[in-house]
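Visitor: First the structure, then my questions, so here it is.
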Number of protein chains: 2
Amino acid sequence: MKSKEKLQAAAAKLFIDKGFENTTVQEIASLAGVTERTFFRQFKDKSDVLFDTNNDLGQGVAAYITNNFDVEKNPLKLAVDGFVSISEFFDSSRERVLSRNQIIQSNPDLQERELLKGQVLITSISNSLSAQYDGDLSELAARFAVEIFHMAYIKWIKNAEKRLAEQLLTVYELYENSFCC
Amino acid sequence: MKSKEKLQAAAAKLFIDKGFENTTVQEIASLAGVTERTFFRQFKDKSDVLFDTNNDLGQGVAAYITNNFDVEKNPLKLAVDGFVSISEFFDSSRERVLSRNQIIQSNPDLQERELLKGQVLITSISNSLSAQYDGDLSELAARFAVEIFHMAYIKWIKNAEKRLAEQLLTVYELYENSFCC
DNA sequence: TTTCAGATGTCAGTTTGTGACACTGTTTTA
DNA sequence: TAAAACAGTGTCACAAACTGACATCTGAAA
């Protein structure tokens, strides 16, 4: 086990046990059996340990978009379907997602960082759409799609009964039926 | 001049002169003629000095929404018009907005914080809409409106020729003509 | 085995941010 | 008016987050 993974595991445990703000980098490092200094070599700062994932979401959605392009579909629907295509991941690791979410919601700094991921998401999706559509249109569709995902994600967090894909479609239909002309 | 204002002025000057990361709270405080400790009593952290505004935007847009409710209009259009109603402020202080924007773009932490303001905006707008519309619909409209504003804002930053109101309507029309059904 | 690159430790230092308490001036109230 | 409450600030001591420089280790290639 590499020290990076050990640090992530240690951080996850401590953050859940005592909260993000109440655990020091010192503690994380020593639980992982390394030095504080090596923590900061692996992660750019304390919160970074929670945000390591290299935009898997964005790549997944982007891949779906480039593989399933369909002139008939509007770009927003295409992007939302992209989210649906990766939604199974969330359902299959609900526990982990929930506890991570709980940590993030407990701290404003972490919420900010989480939002930054939204921006990265927008960029990935916008780029993949712009292979087929106008640039501005792609960006707008990407932004709206991410917002639909956000809303669906929040609903999914709060309601254990429905799958994320269902929530995504529910929100999309709300859009279609309401102010879509 | 209260110490809070002195600190803000000092910070603005130093951030522009030497960049955000290269200026210490120490420097800001002594330029303002107060102690570091006083700085932290006025602002919760170093970046807070840039984000003092108490959600004026949100209140402005919300006010427009509650005063101009119109059953005929869809909530998204209403919210976008709300942004149009306060857009003159941006045009009239373009210089200040631009230099502030430059500081923020130079530092990832500040960008994150800026995004958090977007969330606050969503909440204000969503709340004011939900006096007339369904809750989920209001939230979705608020989210989309803020994204339209973001896009228009970026265009406005890049292009000195057009007013913000024009950019807002351009983006809204892009939406209407493209994937609005 | 030797060598060499990459990961880690060590240490000293800067910066951010906080708690506790004392001091000053202003406003309220007895 | 005198006393008491209060708000803003300074001072000091300190924890915690981060960084740079350099030493040391370790594992794999030559």
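Starting from 1 in every chain, residues are counted up; chains themselves are A, B, ... following the order of the structure tokens, and ligands are numbered from 1 as listed.
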Using backbone DSSP assignments, extract all helix (DSSP H, G or I) residues from segment 1-179 of chain A; output them as a PyMOL selection string.
Guide: chain A and resi 3-18+25-32+36-42+46-50+56-67+75-92+94-105+108-129+135-158+164-178
Visitor: Tell me, as a list in words, which residues lie within 10 Å of DT29 of chain C, counting only C-alpha atoms (C1' of nucleotides); anything in the same chain fewer than 6 positions away does not count.
Guide: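 Final neighbour list, sorted by chain and number: DA3, DA4 and DA5 of chain D.
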Visitor: Wanna dump the chain A-chain C contacts at 12 Å for me, each residue with its shortest atom pair and the distance in Å to one decimal, counting only C-alpha atoms (C1' of nucleotides), ordered by chain and number, as JSON lines?
Guide:
{"residue": "A:Lys2", "atom": "CA", "partner": "C:DA7", "partner_atom": "C1'", "distance": 10.3}
{"residue": "A:Ser3", "atom": "CA", "partner": "C:DA7", "partner_atom": "C1'", "distance": 9.6}
{"residue": "A:Lys4", "atom": "CA", "partner": "C:DA7", "partner_atom": "C1'", "distance": 11.1}
{"residue": "A:Gly33", "atom": "CA", "partner": "C:DT8", "partner_atom": "C1'", "distance": 11.3}
{"residue": "A:Val34", "atom": "CA", "partner": "C:DT8", "partner_atom": "C1'", "distance": 8.2}
{"residue": "A:Thr35", "atom": "CA", "partner": "C:DG9", "partner_atom": "C1'", "distance": 7.2}
{"residue": "A:Glu36", "atom": "CA", "partner": "C:DG9", "partner_atom": "C1'", "distance": 9.8}
{"residue": "A:Arg37", "atom": "CA", "partner": "C:DG9", "partner_atom": "C1'", "distance": 8.2}
{"residue": "A:Thr38", "atom": "CA", "partner": "C:DT8", "partner_atom": "C1'", "distance": 6.7}
{"residue": "A:Phe39", "atom": "CA", "partner": "C:DT8", "partner_atom": "C1'", "distance": 10.4}
{"residue": "A:Phe40", "atom": "CA", "partner": "C:DT8", "partner_atom": "C1'", "distance": 11.7}
{"residue": "A:Arg41", "atom": "CA", "partner": "C:DA7", "partner_atom": "C1'", "distance": 9.7}
{"residue": "A:Gln42", "atom": "CA", "partner": "C:DA7", "partner_atom": "C1'", "distance": 10.5}
Visitor: Suppose we keep all heavy atoms; can you now write the selection as an mmCIF file, in the first residue's frame?
Guide:
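And here's again10.cif as it stands now:
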data_model
loop_
_atom_site.group_PDB
_atom_site.id
_atom_site.type_symbol
_atom_site.label_atom_id
_atom_site.label_comp_id
_atom_site.auth_asym_id
_atom_site.auth_seq_id
_atom_site.Cartn_x
_atom_site.Cartn_y
_atom_site.Cartn_z
ATOM 1 N N LYS A 2 0.671 2.029 -0.984
ATOM 2 C CA LYS A 2 1.452 3.258 -1.098
ATOM 3 C C LYS A 2 1.047 4.237 -0.003
ATOM 4 O O LYS A 2 -0.074 4.186 0.512
ATOM 5 C CB LYS A 2 1.201 3.918 -2.460
ATOM 6 C CG LYS A 2 1.481 3.018 -3.639
ATOM 7 C CD LYS A 2 2.981 2.831 -3.814
ATOM 8 C CE LYS A 2 3.236 1.956 -5.041
ATOM 9 N NZ LYS A 2 4.667 1.655 -5.219
ATOM 10 N N SER A 3 1.937 5.131 0.305
ATOM 11 C CA SER A 3 1.643 6.071 1.392
ATOM 12 C C SER A 3 0.454 6.975 1.040
ATOM 13 O O SER A 3 -0.289 7.400 1.925
ATOM 14 C CB SER A 3 2.876 6.909 1.722
ATOM 15 O OG SER A 3 3.232 7.702 0.635
ATOM 16 N N LYS A 4 0.263 7.245 -0.217
ATOM 17 C CA LYS A 4 -0.866 8.074 -0.606
ATOM 18 C C LYS A 4 -2.183 7.423 -0.194
ATOM 19 O O LYS A 4 -3.050 8.068 0.397
ATOM 20 C CB LYS A 4 -0.860 8.292 -2.122
ATOM 21 C CG LYS A 4 -1.934 9.229 -2.612
ATOM 22 C CD LYS A 4 -1.638 9.694 -4.035
ATOM 23 C CE LYS A 4 -2.584 10.798 -4.463
ATOM 24 N NZ LYS A 4 -2.177 11.395 -5.745
ATOM 25 N N GLY A 33 1.371 6.396 9.466
ATOM 26 C CA GLY A 33 2.747 5.965 9.647
ATOM 27 C C GLY A 33 3.768 6.726 8.814
ATOM 28 O O GLY A 33 4.839 6.209 8.511
ATOM 29 N N VAL A 34 3.429 7.941 8.459
ATOM 30 C CA VAL A 34 4.399 8.765 7.726
ATOM 31 C C VAL A 34 4.510 10.140 8.377
ATOM 32 O O VAL A 34 3.881 10.391 9.406
ATOM 33 C CB VAL A 34 3.999 8.937 6.242
ATOM 34 C CG1 VAL A 34 3.947 7.598 5.537
ATOM 35 C CG2 VAL A 34 2.668 9.670 6.129
ATOM 36 N N THR A 35 5.274 10.989 7.762
ATOM 37 C CA THR A 35 5.500 12.326 8.301
ATOM 38 C C THR A 35 4.491 13.314 7.745
ATOM 39 O O THR A 35 3.932 13.107 6.677
ATOM 40 C CB THR A 35 6.891 12.821 7.911
ATOM 41 O OG1 THR A 35 7.806 11.772 8.063
ATOM 42 C CG2 THR A 35 7.310 13.971 8.787
ATOM 43 N N GLU A 36 4.305 14.386 8.473
ATOM 44 C CA GLU A 36 3.465 15.471 8.010
ATOM 45 C C GLU A 36 3.962 15.939 6.631
ATOM 46 O O GLU A 36 3.178 16.187 5.717
ATOM 47 C CB GLU A 36 3.579 16.623 9.010
ATOM 48 C CG GLU A 36 2.348 17.471 9.162
ATOM 49 C CD GLU A 36 2.575 18.558 10.201
ATOM 50 O OE1 GLU A 36 3.348 18.327 11.159
ATOM 51 O OE2 GLU A 36 1.991 19.641 10.049
ATOM 52 N N ARG A 37 5.276 16.034 6.513
ATOM 53 C CA ARG A 37 5.858 16.536 5.262
ATOM 54 C C ARG A 37 5.453 15.688 4.067
ATOM 55 O O ARG A 37 5.213 16.216 2.987
ATOM 56 C CB ARG A 37 7.386 16.563 5.373
ATOM 57 C CG ARG A 37 8.037 17.337 4.258
ATOM 58 C CD ARG A 37 7.721 18.804 4.408
ATOM 59 N NE ARG A 37 8.203 19.632 3.314
ATOM 60 C CZ ARG A 37 7.588 19.780 2.156
ATOM 61 N NH1 ARG A 37 6.465 19.122 1.932
ATOM 62 N NH2 ARG A 37 8.070 20.548 1.223
ATOM 63 N N THR A 38 5.383 14.391 4.249
ATOM 64 C CA THR A 38 5.021 13.586 3.076
ATOM 65 C C THR A 38 3.538 13.729 2.754
ATOM 66 O O THR A 38 3.150 13.589 1.603
ATOM 67 C CB THR A 38 5.465 12.108 3.172
ATOM 68 O OG1 THR A 38 4.331 11.277 3.243
ATOM 69 C CG2 THR A 38 6.375 11.855 4.298
ATOM 70 N N PHE A 39 2.748 14.047 3.767
ATOM 71 C CA PHE A 39 1.349 14.368 3.460
ATOM 72 C C PHE A 39 1.282 15.503 2.461
ATOM 73 O O PHE A 39 0.596 15.422 1.449
ATOM 74 C CB PHE A 39 0.587 14.764 4.730
ATOM 75 C CG PHE A 39 -0.850 15.130 4.482
ATOM 76 C CD1 PHE A 39 -1.862 14.195 4.642
ATOM 77 C CD2 PHE A 39 -1.198 16.417 4.062
ATOM 78 C CE1 PHE A 39 -3.187 14.523 4.397
ATOM 79 C CE2 PHE A 39 -2.523 16.748 3.809
ATOM 80 C CZ PHE A 39 -3.520 15.807 3.969
ATOM 81 N N PHE A 40 2.032 16.550 2.743
ATOM 82 C CA PHE A 40 1.954 17.727 1.873
ATOM 83 C C PHE A 40 2.663 17.533 0.539
ATOM 84 O O PHE A 40 2.558 18.363 -0.347
ATOM 85 C CB PHE A 40 2.500 18.960 2.598
ATOM 86 C CG PHE A 40 1.552 19.499 3.630
ATOM 87 C CD1 PHE A 40 1.844 19.402 4.969
ATOM 88 C CD2 PHE A 40 0.349 20.060 3.248
ATOM 89 C CE1 PHE A 40 0.962 19.882 5.926
ATOM 90 C CE2 PHE A 40 -0.544 20.542 4.183
ATOM 91 C CZ PHE A 40 -0.231 20.457 5.536
ATOM 92 N N ARG A 41 3.397 16.433 0.452
ATOM 93 C CA ARG A 41 3.947 16.132 -0.868
ATOM 94 C C ARG A 41 2.911 15.406 -1.717
ATOM 95 O O ARG A 41 2.882 15.538 -2.935
ATOM 96 C CB ARG A 41 5.233 15.322 -0.739
ATOM 97 C CG ARG A 41 6.446 16.234 -0.552
ATOM 98 C CD ARG A 41 7.742 15.495 -0.769
ATOM 99 N NE ARG A 41 8.185 14.872 0.471
ATOM 100 C CZ ARG A 41 9.255 15.275 1.156
ATOM 101 N NH1 ARG A 41 9.992 16.274 0.709
ATOM 102 N NH2 ARG A 41 9.606 14.662 2.252
ATOM 103 N N GLN A 42 2.056 14.666 -1.087
ATOM 104 C CA GLN A 42 1.024 13.934 -1.828
ATOM 105 C C GLN A 42 -0.189 14.808 -2.143
ATOM 106 O O GLN A 42 -0.806 14.651 -3.192
ATOM 107 C CB GLN A 42 0.558 12.723 -1.028
ATOM 108 C CG GLN A 42 1.670 11.767 -0.630
ATOM 109 C CD GLN A 42 2.231 11.018 -1.820
ATOM 110 O OE1 GLN A 42 1.647 11.005 -2.898
ATOM 111 N NE2 GLN A 42 3.390 10.400 -1.631
#
Visitor: Could you build a table of the residues in chain A lying no more than 10 Å from chain B, giving for each the nearest pair of atoms and their separation in Å rounded to one decimal place, using only C-alpha atoms, ordered by chain and ascending residue number, as CSV?
Guide:
residue,atom,partner,partner_atom,distance
A:Lys73,CA,B:Phe179,CA,9.0
A:Asn74,CA,B:Phe179,CA,5.6
A:Pro75,CA,B:Phe179,CA,7.2
A:Leu76,CA,B:Phe179,CA,6.9
A:Lys77,CA,B:Phe179,CA,8.6
A:Pro108,CA,B:Leu116,CA,8.8
A:Asp109,CA,B:Arg113,CA,8.3
A:Leu110,CA,B:Glu112,CA,9.7
A:Gln111,CA,B:Leu116,CA,7.8
A:Glu112,CA,B:Glu112,CA,5.1
A:Arg113,CA,B:Glu112,CA,6.1
A:Glu114,CA,B:Glu112,CA,8.6
A:Leu115,CA,B:Leu115,CA,6.6
A:Leu116,CA,B:Glu112,CA,5.8
A:Lys117,CA,B:Glu112,CA,9.5
A:Gly118,CA,B:Leu115,CA,9.6
A:Gln119,CA,B:Leu115,CA,9.0
A:Asp136,CA,B:Leu174,CA,8.1
A:Leu137,CA,B:Leu174,CA,6.9
A:Glu139,CA,B:Met151,CA,8.3
A:Leu140,CA,B:Ile148,CA,7.5
A:Ala141,CA,B:Phe179,CA,8.3
A:Ala142,CA,B:Glu147,CA,9.9
A:Arg143,CA,B:Glu147,CA,6.4
A:Phe144,CA,B:Phe144,CA,6.1
A:Ala145,CA,B:Phe144,CA,9.5
A:Val146,CA,B:Arg143,CA,9.8
A:Glu147,CA,B:Arg143,CA,6.4
A:Ile148,CA,B:Leu140,CA,7.4
A:His150,CA,B:Arg143,CA,9.5
A:Met151,CA,B:Leu140,CA,7.6
A:Val171,CA,B:Leu140,CA,8.3
A:Tyr172,CA,B:Leu140,CA,9.7
A:Leu174,CA,B:Leu137,CA,6.9
A:Tyr175,CA,B:Leu140,CA,7.5
A:Glu176,CA,B:Cys181,CA,7.2
A:Asn177,CA,B:Cys181,CA,9.5
A:Ser178,CA,B:Leu137,CA,7.6
A:Phe179,CA,B:Asn74,CA,5.6
A:Cys180,CA,B:Cys180,CA,4.9
A:Cys181,CA,B:Cys180,CA,6.0
Visitor: What lies within 12 Å of Lys155 of chain A using only C-alpha atoms (C1' of nucleotides), ignoring chain neighbours under 3 positions off, as a count of residues only?
Guide: 20
